[in-house]
Amino acid sequence: MERLMQYVWQHRLLLHTDMTTVDGQHVAVIDPGRLNTDAGPDFFNAKVRIGDQIWVGDVEIHVRASDWHRHHHHTDKAYESVILHVVDRDDAQVCRSNGEVIPQMLMNCNADFHRSYHHLVDRADIDLPCAAEIPRLQSLYITDWLTGLAYERLNAKSDHINALLKEYTGDWEQTCYVVLARALGFGTNSEPMERLAKSLPLHFLRKHSDSLLALEALFFGQGGFLETAPAYDPYVEQLIREHKFFAHKFSLRPLQRLGWKMSRMRPHNFPHRRIALLALLVSEDFRLVHRILSMSTPEEALNLFTRPLTGYWSNHFTFSPGTERTYETLSKASAAILVINVAVPIMMAYGMSHGDESLMLKAVEWLQQLPSESNSIITLFANAGIRSRDAFTSQALIQLRRNYCEQRKCLYCRIGHRLLSTHAKRR
């Protein structure tokens, strides 16, 4: 409730004609001040007119006026500069340490504002509470918000890459290798894929990159797949021998409780073929960052991730009898997701790190050239009137859903803000 009140004050959503202190003095907000997210009063450097006098100082907001004493503000010198105490319930008078009474004002908003807020935030039974209101908003307003969200998501991915880069002391290829492994988990198996990659550093794998079988043995052995694989299969027998050799030589132990998920999953999405693709790319010396940065179009990156698997994994989904048919490594849609989650963020992060604006621009252009992703989130917003035309838009919608809608951060969403501010000012 207090956060909601801070939001109302920050965005001037009060009914200004009814603003008076509890003792009847008219209040006019000249400047609401700057929101303080640390210790101290809620807003710094506010300017308000109380009666005929202009005050410059801080503003404190509480649900109950008595919270001033409950939080011990009356003994804290940081609150000596408070010029206005804004409350929802006037159940106490507050004073400075010298006994001077601090002006106090009840926060007044239209009842529609509170109803709208609780409809957006508290309706867990509705996937998108604002869906009925979205078509009434100007398209330019929504487009502007989606553009900001797309950049927000891309920058967040770049920040994650920079954190990994710091962990690996500036090794871009090792960082890209971990990012790719996680992306190959396609959400469901992202965590175990990342843990598996981190347990087998790229510099170690490169020493054995002349043998694809050795790399596959290391990945499947460390991933725990060989413990349950049928030993009568000649290929599995080779992997077990190879892994036993490496395990003895380098004291390797399979990772525990990785939590691979395969139930209710199409065989094409099993992690085995994703691991086989990762092993194939490592066997080719894995100069992936250099290759990505030198590419001109997203189609080149798509070709990189859709290259055919060879040998056992060309016609197997898991350690089981194969088929006579050869299957594609990844669908074009899945390969596009890898471009979105690996190639584009690497390009953006590298461009930001080296001050190369052309790379950053190319990263955005690739998202605008790639087709929109197709999932339940995109469908949800399409039904509400926001259609995704490309990957730039679909990434924005995923960011909106994951970081705002699901967390009920309607106060920080521009759509939510627009709706709430409209209701707050409506008499």
# chains A, B, ... in the order shown; residues from 1 in each chain; ligands from 1

$ closest_atom_pairs --of "segment 321-342 of chain A" --to "segment 149-158 of chain A" --cutoff "10 Å" --atoms "only C-alpha atoms" --output "CSV"
residue,atom,partner,partner_atom,distance
A:Ile340,CA,A:Leu154,CA,9.4
A:Asn341,CA,A:Lys157,CA,8.0
A:Val342,CA,A:Lys157,CA,9.2

$ write_last_selection --atoms "C-alpha atoms" --output "PDB file, in the first residue's frame"
ATOM      1  CA  ILE A 340      18.113 -14.556 -30.661  1.00  0.00           C
ATOM      2  CA  ASN A 341      19.587 -15.864 -27.390  1.00  0.00           C
ATOM      3  CA  VAL A 342      23.220 -16.387 -28.384  1.00  0.00           C
TER       4      VAL A 342
END

$ residues_around --residues "Ala391 of chain A" --least-positions-apart "5" --cutoff "9 Å" --atoms "only C-alpha atoms" --output "PyMOL selection string"
chain A and resi 340+366-373+396

$ closest_residue --among "A:Leu128, A:Phe186, A:Tyr235, A:Arg273" --to "Arg401 of chain A" --atoms "only C-alpha atoms"
A:Leu128

$ atom_distance --atom1 "atom CA of Leu146 of chain A" --atom2 "atom CA of Leu361 of chain A"
17.2 Å

$ closest_residue --among "A:Ala197, A:Val82, A:Leu280, A:Leu302" --to "Leu258 of chain A" --atoms "only C-alpha atoms"
A:Ala197

$ atom_distance --atom1 "atom CA of Leu411 of chain A" --atom2 "atom CA of Phe113 of chain A"
11.9 Å

$ closest_residue --among "A:Leu252, A:Leu278, A:Ala349, A:Leu205" --to "Gly224 of chain A" --atoms "only C-alpha atoms"
A:Leu252
